[in-house]
>>> print(open('structure.txt').read())   # compact mmCIF, C-alpha atoms and all ligand atoms
# COMPACT_ATOMS: atom_id res chain seq x y z
CA MET A 268 49.47 -17.96 124.35
CA THR A 269 53.10 -16.85 124.57
CA SER A 270 55.98 -19.24 123.96
CA LYS A 271 56.88 -19.09 127.68
CA GLN A 272 53.36 -20.18 128.66
CA VAL A 273 53.49 -23.12 126.25
CA TYR A 274 56.77 -24.37 127.70
CA THR A 275 55.69 -23.84 131.28
CA GLN A 276 52.64 -25.92 130.52
CA LEU A 277 54.43 -28.70 128.72
CA GLY A 278 58.07 -28.38 129.78
CA PRO A 279 59.94 -31.39 131.13
CA ARG A 280 60.21 -31.56 134.90
CA HIS A 281 63.28 -33.80 134.68
CA VAL A 282 65.95 -33.44 131.98
CA ALA A 283 68.85 -35.90 131.78
CA ILE A 284 72.00 -35.13 129.78
CA ILE A 285 74.82 -37.30 128.46
CA MET A 286 77.49 -34.61 128.17
CA ASP A 287 79.55 -36.07 125.33
CA GLY A 288 82.20 -34.49 123.10
CA ASN A 289 84.63 -32.77 125.49
CA GLY A 290 87.61 -34.68 124.11
CA ARG A 291 86.79 -34.04 120.44
CA TRP A 292 86.11 -30.37 121.15
CA ALA A 293 89.56 -30.00 122.73
CA VAL A 294 91.41 -31.96 120.02
CA ARG A 295 89.74 -29.82 117.31
CA GLN A 296 91.13 -26.73 119.02
CA GLY A 297 94.60 -28.26 119.41
CA MET A 298 94.21 -28.54 123.19
CA SER A 299 94.55 -31.42 125.64
CA ARG A 300 91.43 -33.49 126.39
CA SER A 301 91.52 -32.17 129.97
CA LYS A 302 90.94 -28.65 128.62
CA GLY A 303 87.82 -30.04 126.98
CA HIS A 304 86.56 -31.31 130.34
CA PHE A 305 87.30 -27.88 131.84
CA ALA A 306 85.16 -26.29 129.12
CA GLY A 307 82.58 -29.00 129.85
CA VAL A 308 82.25 -27.79 133.44
CA GLU A 309 81.55 -24.28 132.16
CA ALA A 310 78.88 -25.67 129.83
CA LEU A 311 77.33 -27.45 132.80
CA HIS A 312 77.41 -24.24 134.85
CA ARG A 313 75.54 -22.39 132.02
CA THR A 314 73.09 -25.23 131.55
CA VAL A 315 72.12 -25.36 135.24
CA ALA A 316 71.27 -21.63 135.16
CA GLU A 317 69.31 -22.03 131.93
CA ALA A 318 67.45 -25.10 133.22
CA ILE A 319 66.37 -23.12 136.30
CA LYS A 320 65.09 -20.34 134.03
CA GLN A 321 63.13 -22.89 132.04
CA GLY A 322 61.44 -24.29 135.14
CA VAL A 323 63.24 -27.66 135.10
CA LYS A 324 63.14 -29.19 138.61
CA TYR A 325 65.55 -32.12 138.15
CA LEU A 326 68.67 -32.15 135.97
CA SER A 327 70.63 -35.42 135.72
CA VAL A 328 74.10 -35.33 134.20
CA TYR A 329 76.51 -38.16 133.41
CA ALA A 330 79.82 -36.78 134.67
CA PHE A 331 81.87 -39.96 135.04
CA SER A 332 80.77 -43.48 134.18
CA SER A 333 81.91 -46.75 135.77
CA GLU A 334 83.57 -47.46 132.41
CA ASN A 335 85.46 -44.12 132.45
CA TRP A 336 87.84 -45.60 135.07
CA GLN A 337 89.40 -47.46 132.12
CA ARG A 338 90.59 -44.21 130.49
CA PRO A 339 94.31 -43.34 130.73
CA SER A 340 95.24 -42.64 134.34
CA GLU A 341 96.31 -39.04 133.56
CA GLU A 342 92.83 -38.25 132.19
CA VAL A 343 91.07 -39.92 135.14
CA GLU A 344 93.29 -38.05 137.58
CA ALA A 345 92.70 -34.74 135.79
CA LEU A 346 88.93 -35.33 135.90
CA MET A 347 88.98 -36.10 139.63
CA ILE A 348 90.98 -32.94 140.34
CA LEU A 349 88.65 -30.94 138.06
CA MET A 350 85.62 -32.21 139.97
CA ALA A 351 87.13 -31.17 143.30
CA GLU A 352 88.13 -27.76 141.91
CA SER A 353 84.71 -27.24 140.32
CA LEU A 354 83.08 -27.88 143.69
CA ASP A 355 85.41 -25.25 145.21
CA THR A 356 84.50 -22.79 142.46
CA TYR A 357 80.77 -23.39 142.06
CA ALA A 358 79.27 -25.11 145.12
CA GLU A 359 78.45 -21.87 146.92
CA GLU A 360 76.96 -20.24 143.84
CA LEU A 361 74.90 -23.35 143.10
CA SER A 362 73.63 -23.31 146.63
CA ALA A 363 72.66 -19.63 146.35
CA GLN A 364 70.73 -20.53 143.18
CA GLY A 365 68.74 -23.07 145.20
CA VAL A 366 70.44 -26.12 143.70
CA ARG A 367 70.54 -29.39 145.62
CA ILE A 368 73.56 -31.52 144.65
CA PHE A 369 72.64 -35.21 144.53
CA PRO A 370 75.38 -37.65 143.42
CA ILE A 371 74.54 -41.13 142.22
CA GLY A 372 77.10 -43.88 141.69
CA ASP A 373 79.86 -45.73 143.47
CA ILE A 374 81.32 -42.61 145.11
CA MET A 375 83.46 -44.72 147.46
CA ARG A 376 85.75 -45.21 144.43
CA LEU A 377 86.42 -41.45 144.17
CA PRO A 378 89.65 -40.12 145.69
CA GLU A 379 89.11 -39.11 149.29
CA SER A 380 89.64 -35.37 148.71
CA THR A 381 87.10 -35.25 145.86
CA ARG A 382 84.61 -37.33 147.85
CA ARG A 383 85.00 -35.12 150.94
CA LYS A 384 84.25 -31.93 148.96
CA LEU A 385 81.35 -33.64 147.27
CA LEU A 386 79.76 -34.85 150.51
CA ASP A 387 80.28 -31.41 152.04
CA ALA A 388 78.43 -29.83 149.07
CA VAL A 389 75.69 -32.46 149.37
CA SER A 390 75.06 -31.67 153.04
CA LYS A 391 75.25 -27.87 152.49
CA THR A 392 72.71 -27.99 149.66
CA ALA A 393 70.43 -30.71 151.09
CA ASN A 394 67.51 -28.36 151.79
CA ASN A 395 67.55 -26.50 148.48
CA ASP A 396 64.52 -27.05 146.30
CA ILE A 397 64.75 -24.96 143.14
CA LEU A 398 66.58 -27.63 141.14
CA THR A 399 68.02 -31.02 142.06
CA LEU A 400 71.27 -31.65 140.19
CA ILE A 401 71.73 -35.41 139.98
CA VAL A 402 75.35 -36.11 139.11
CA GLY A 403 76.37 -39.56 137.87
CA LEU A 404 79.84 -40.17 139.33
CA SER A 405 81.44 -43.56 138.95
CA TYR A 406 77.91 -44.44 137.84
CA SER A 407 76.47 -46.96 135.44
CA ALA A 408 72.91 -48.24 135.34
CA ARG A 409 74.08 -51.86 135.62
CA TRP A 410 76.10 -50.94 138.72
CA GLU A 411 72.99 -49.24 140.15
CA ILE A 412 70.75 -52.25 139.49
CA ASN A 413 73.32 -54.61 141.01
CA HIS A 414 73.60 -52.31 144.04
CA ALA A 415 69.80 -52.27 144.34
CA LEU A 416 69.72 -56.08 144.24
CA HIS A 417 72.29 -56.22 147.05
CA SER A 418 70.17 -53.86 149.19
CA ALA A 419 67.00 -55.85 148.51
CA VAL A 420 68.69 -59.16 149.38
CA GLN A 421 69.98 -57.64 152.64
CA GLU A 422 66.43 -56.60 153.56
CA ILE A 423 65.14 -60.09 152.78
CA GLU A 424 67.87 -61.70 154.85
CA SER A 425 67.19 -59.42 157.82
CA GLY A 426 63.47 -60.19 157.59
CA LYS A 427 62.51 -56.58 156.78
CA VAL A 428 60.96 -57.49 153.42
CA LYS A 429 59.30 -60.66 152.13
CA ILE A 430 60.45 -62.24 148.86
CA SER A 431 56.82 -62.32 147.75
CA THR A 432 56.58 -58.52 148.18
CA LEU A 433 59.71 -58.03 146.12
CA LEU A 434 58.39 -60.23 143.33
CA SER A 435 54.88 -58.77 143.49
CA ASN A 436 55.18 -56.16 140.76
CA ALA A 437 57.40 -54.88 137.98
CA ASN A 438 58.36 -51.73 139.89
CA ALA A 439 59.32 -53.38 143.18
CA ILE A 440 63.04 -52.64 142.66
CA GLU A 441 62.45 -48.84 142.57
CA PRO A 442 62.82 -48.17 146.32
CA TYR A 443 66.34 -49.60 146.09
CA LEU A 444 67.52 -47.47 143.16
CA SER A 445 69.71 -44.39 143.70
CA THR A 446 66.92 -42.25 142.26
CA LYS A 447 64.17 -43.66 144.48
CA ASP A 448 62.55 -40.30 145.33
CA ILE A 449 63.15 -38.69 141.96
CA PRO A 450 60.68 -38.80 139.06
CA ASP A 451 61.89 -40.49 135.89
CA PRO A 452 63.49 -38.22 133.27
CA ASP A 453 61.00 -36.73 130.80
CA LEU A 454 63.70 -35.82 128.30
CA LEU A 455 67.20 -37.21 127.66
CA ILE A 456 69.63 -35.07 125.67
CA ARG A 457 72.86 -36.57 124.32
CA THR A 458 75.39 -34.20 122.82
CA GLY A 459 78.31 -35.12 120.57
CA GLY A 460 76.46 -36.95 117.79
CA GLU A 461 76.52 -40.53 119.13
CA LEU A 462 73.16 -42.34 119.17
CA ARG A 463 73.32 -44.48 122.31
CA ILE A 464 72.44 -44.48 126.03
CA SER A 465 75.83 -45.72 127.31
CA ASN A 466 74.58 -47.39 130.52
CA PHE A 467 72.95 -44.20 131.90
CA LEU A 468 69.71 -44.51 133.94
CA LEU A 469 68.57 -47.56 131.92
CA TYR A 470 65.65 -48.38 134.23
CA GLN A 471 64.49 -44.78 134.61
CA LEU A 472 64.60 -44.00 130.87
CA ALA A 473 61.87 -46.55 130.00
CA TYR A 474 59.49 -43.86 128.65
CA THR A 475 61.81 -40.89 128.35
CA GLU A 476 61.78 -38.82 125.16
CA LEU A 477 65.19 -38.82 123.45
CA PHE A 478 66.97 -35.90 121.80
CA PHE A 479 70.34 -36.24 120.07
CA THR A 480 72.43 -33.33 118.87
CA GLU A 481 75.74 -33.05 117.00
CA THR A 482 76.72 -30.12 119.24
CA LEU A 483 79.79 -31.03 121.32
CA TRP A 484 79.13 -30.57 125.04
CA PRO A 485 81.47 -27.56 125.59
CA ASP A 486 79.54 -25.69 122.85
CA PHE A 487 76.10 -26.53 124.32
CA ASP A 488 74.26 -23.29 125.08
CA ALA A 489 70.84 -21.83 125.77
CA CYS A 490 69.82 -22.19 122.10
CA ASP A 491 70.69 -25.90 122.09
CA LEU A 492 68.68 -26.43 125.26
CA GLN A 493 65.78 -24.47 123.76
CA GLU A 494 65.92 -26.65 120.64
CA ALA A 495 65.65 -29.78 122.79
CA LEU A 496 62.78 -28.31 124.81
CA ASP A 497 60.96 -27.24 121.62
CA SER A 498 61.32 -30.76 120.28
CA TYR A 499 60.02 -32.20 123.57
CA ALA A 500 57.02 -29.85 123.56
CA LEU A 501 55.85 -31.38 120.28
CA ARG A 502 56.12 -35.00 121.43
CA HIS A 503 52.95 -36.95 122.08
CA ARG A 504 53.66 -39.06 125.16
CA ARG A 505 51.39 -42.07 125.51
CA PHE A 506 53.42 -44.31 127.85
CA GLY A 507 52.36 -47.36 125.85
CA ARG A 508 48.66 -46.46 126.00
CA ILE A 509 46.28 -45.26 123.33
CA ASP A 510 45.46 -41.72 124.34
CA THR A 511 42.29 -39.84 123.62
CA LYS A 512 43.99 -36.56 124.41
CA ASP A 513 45.94 -35.27 121.43
CA ASN A 514 48.40 -32.40 121.38
CA ASN A 515 47.79 -31.52 117.73
CA ASP A 516 46.06 -28.30 118.80
CA LEU A 517 49.12 -27.33 120.76
CA LYS A 518 51.40 -28.20 117.83
CA GLU A 519 49.34 -25.82 115.66
CA GLU A 520 49.70 -23.10 118.26
CA LEU A 521 53.47 -23.61 118.43
CA ASP A 522 53.74 -23.53 114.62
CA CYS A 523 52.08 -20.10 114.67
CA LEU A 524 54.51 -18.60 117.18
C1 LIG B 1 82.44 -37.12 127.68
O1 LIG B 1 83.28 -36.51 126.75
C2 LIG B 1 82.57 -36.43 128.94
C3 LIG B 1 83.06 -36.96 130.10
C4 LIG B 1 83.54 -38.36 130.21
C5 LIG B 1 83.20 -36.18 131.30
C6 LIG B 1 82.12 -35.18 131.48
C7 LIG B 1 82.50 -34.37 132.62
C8 LIG B 1 82.29 -33.06 132.72
C9 LIG B 1 81.57 -32.21 131.78
C10 LIG B 1 82.80 -32.43 133.94
C11 LIG B 1 81.76 -32.59 134.99
C12 LIG B 1 82.28 -32.03 136.20
C13 LIG B 1 81.60 -31.97 137.33
C14 LIG B 1 82.13 -31.17 138.43
C15 LIG B 1 80.30 -32.65 137.53
P1 LIG B 1 84.42 -37.40 126.08
O2 LIG B 1 85.67 -37.17 126.82
O3 LIG B 1 83.96 -38.83 126.00
O4 LIG B 1 84.46 -36.73 124.67
P2 LIG B 1 84.80 -37.44 123.30
O5 LIG B 1 83.66 -38.38 122.99
O6 LIG B 1 84.86 -36.29 122.35
O7 LIG B 1 86.11 -38.14 123.49
>>> encode(input="structure.txt", output="structure tokens")
Amino acid sequence: MTSKQVYTQLGPRHVAIIMDGNGRWAVRQGMSRSKGHFAGVEALHRTVAEAIKQGVKYLSVYAFSSENWQRPSEEVEALMILMAESLDTYAEELSAQGVRIFPIGDIMRLPESTRRKLLDAVSKTANNDILTLIVGLSYSARWEINHALHSAVQEIESGKVKISTLLSNANAIEPYLSTKDIPDPDLLIRTGGELRISNFLLYQLAYTELFFTETLWPDFDACDLQEALDSYALRHRRFGRIDTKDNNDLKEELDCL
């Protein structure tokens, strides 16, 4: 079995990434933090192409958290402009690659010009099906859960849904989440050396495999992604069950490659 066949067989369908370390990368090079975010966009551009090559179907990235609004206004402004400019630069190419752009978060808080470009890219890429790029923008998991609760309460109040249905099982909130039609992430990568989830996809990450790397996001490349995928391929996912199926045989095969 070739290495490609192993990964195709076991590769994650959905990879989520906390793209951390732009600021430190820039400061280390004597540049402004905004330059680090600019380099971060290029890393994202490379990673999307590499994820497509690796057969990933969903890529979730944390581009701007609800908490990031508290950064200095110059940095927030620079990030909003960068997002709009990145859409100008890359939206067409992403679309040609078959990428569907799918923002999650409180996008009404984005400046109008950024939001307009974003929604335009969303509608132009809506029918693409090679890779769905889920972009957390003004997103936090607690915001998402609160938003879901609001939607559920509205449906109860309008008589569309019964309270008993909503309380009937542990997953009943899922149809109200931003990711309702998207499978949960199989693998979460966090760059930049911090070991935390930072309010990203908290509900969806319940059984996700975690991979942390010291690599700062602007330096993240195909080798780093491969390292994360190699690590994932050796995980034994049981989802809380005791499994009769073991992947030790596969681990031996990988060790021999
Ligand atoms: C974390 O690094 C990164 C961010 C807060 C922004 C990430 C955004 C991008 C990569 C741009 C995405 C753009 C589009 C168009 C989706 P940090 O600033 O917290 O780094 P530090 O921990 O070194 O300070």
>>> residues_near_ligand(input="structure.txt", ligand="ligand LIG 1 (chain B)", cutoff="8 Å", atoms="all atoms listed in the file", output="short mmCIF file (atom, residue, chain, number, x, y, z; two decimals) with C-alpha atoms, in the coordinates of the input")
data_model
loop_
_atom_site.label_atom_id
_atom_site.label_comp_id
_atom_site.auth_asym_id
_atom_site.auth_seq_id
_atom_site.Cartn_x
_atom_site.Cartn_y
_atom_site.Cartn_z
CA ILE A 285 74.82 -37.30 128.46
CA MET A 286 77.49 -34.61 128.17
CA ASP A 287 79.55 -36.07 125.33
CA GLY A 288 82.20 -34.49 123.10
CA ASN A 289 84.63 -32.77 125.49
CA GLY A 290 87.61 -34.68 124.11
CA ARG A 291 86.79 -34.04 120.44
CA TRP A 292 86.11 -30.37 121.15
CA ALA A 293 89.56 -30.00 122.73
CA ARG A 300 91.43 -33.49 126.39
CA GLY A 303 87.82 -30.04 126.98
CA HIS A 304 86.56 -31.31 130.34
CA PHE A 305 87.30 -27.88 131.84
CA ALA A 306 85.16 -26.29 129.12
CA GLY A 307 82.58 -29.00 129.85
CA VAL A 308 82.25 -27.79 133.44
CA GLU A 309 81.55 -24.28 132.16
CA ALA A 310 78.88 -25.67 129.83
CA LEU A 311 77.33 -27.45 132.80
CA VAL A 328 74.10 -35.33 134.20
CA TYR A 329 76.51 -38.16 133.41
CA ALA A 330 79.82 -36.78 134.67
CA PHE A 331 81.87 -39.96 135.04
CA SER A 332 80.77 -43.48 134.18
CA ASN A 335 85.46 -44.12 132.45
CA LEU A 346 88.93 -35.33 135.90
CA LEU A 349 88.65 -30.94 138.06
CA MET A 350 85.62 -32.21 139.97
CA ALA A 351 87.13 -31.17 143.30
CA GLU A 352 88.13 -27.76 141.91
CA SER A 353 84.71 -27.24 140.32
CA LEU A 354 83.08 -27.88 143.69
CA VAL A 402 75.35 -36.11 139.11
CA GLY A 403 76.37 -39.56 137.87
CA LEU A 404 79.84 -40.17 139.33
CA GLY A 459 78.31 -35.12 120.57
CA LEU A 483 79.79 -31.03 121.32
CA TRP A 484 79.13 -30.57 125.04
CA PRO A 485 81.47 -27.56 125.59
#
>>> residues_around(input="structure.txt", residues="stretch 424-441 of chain A", least_positions_apart="4", cutoff="10 Å", atoms="all atoms listed in the file", output="PyMOL selection string")
chain A and resi 412+415-416+418-420+445-448+470-471
>>> closest_residue(input="structure.txt", among="A:Asp491, A:Leu385, A:Phe506, A:Asn413", to="A:Phe369", atoms="only C-alpha atoms")
A:Leu385
>>> atom_distance(input="structure.txt", atom1="atom CA of A:Asp396", atom2="atom CA of A:Thr381")
24.0 Å
>>> closest_residue(input="structure.txt", among="A:Met347, A:Glu411, A:Ala500, A:Arg313", to="A:Pro442", atoms="only C-alpha atoms")
A:Glu411
>>> residues_around(input="structure.txt", residues="A:Lys391", least_positions_apart="3", cutoff="12 Å", atoms="only C-alpha atoms", output="list in words")
Leu354, Ala358, Glu359, Glu360, Leu361, Ser362, Ala363, Gly365, Val366, Arg367, Ile368, Phe369, Lys384, Leu385, Leu386, Asp387, Ala388, Asn394 and Asn395 of chain A
>>> atom_distance(input="structure.txt", atom1="atom CA of A:Pro279", atom2="atom CA of A:Tyr443")
24.4 Å
>>> residues_near_point(input="structure.txt", point="(63.7, -17.7, 136.7)", cutoff="12 Å", atoms="only C-alpha atoms", output="list of chain:residue names")
A:Lys271, A:Thr275, A:Val315, A:Ala316, A:Glu317, A:Ala318, A:Ile319, A:Lys320, A:Gln321, A:Gly322, A:Val323, A:Lys324, A:Gln364, A:Gly365, A:Ile397, A:Leu398
>>> closest_residue(input="structure.txt", among="A:Ser465, A:Thr475, A:Thr392, A:Ser407", to="A:Ala283", atoms="all atoms listed in the file")
A:Thr475
>>> closest_residue(input="structure.txt", among="A:Ser498, A:Ser333, A:Gln421, A:Thr356", to="A:Asn466", atoms="all atoms listed in the file")
A:Ser333
>>> atom_distance(input="structure.txt", atom1="atom CA of A:Tyr357", atom2="atom CA of A:His312")
8.0 Å
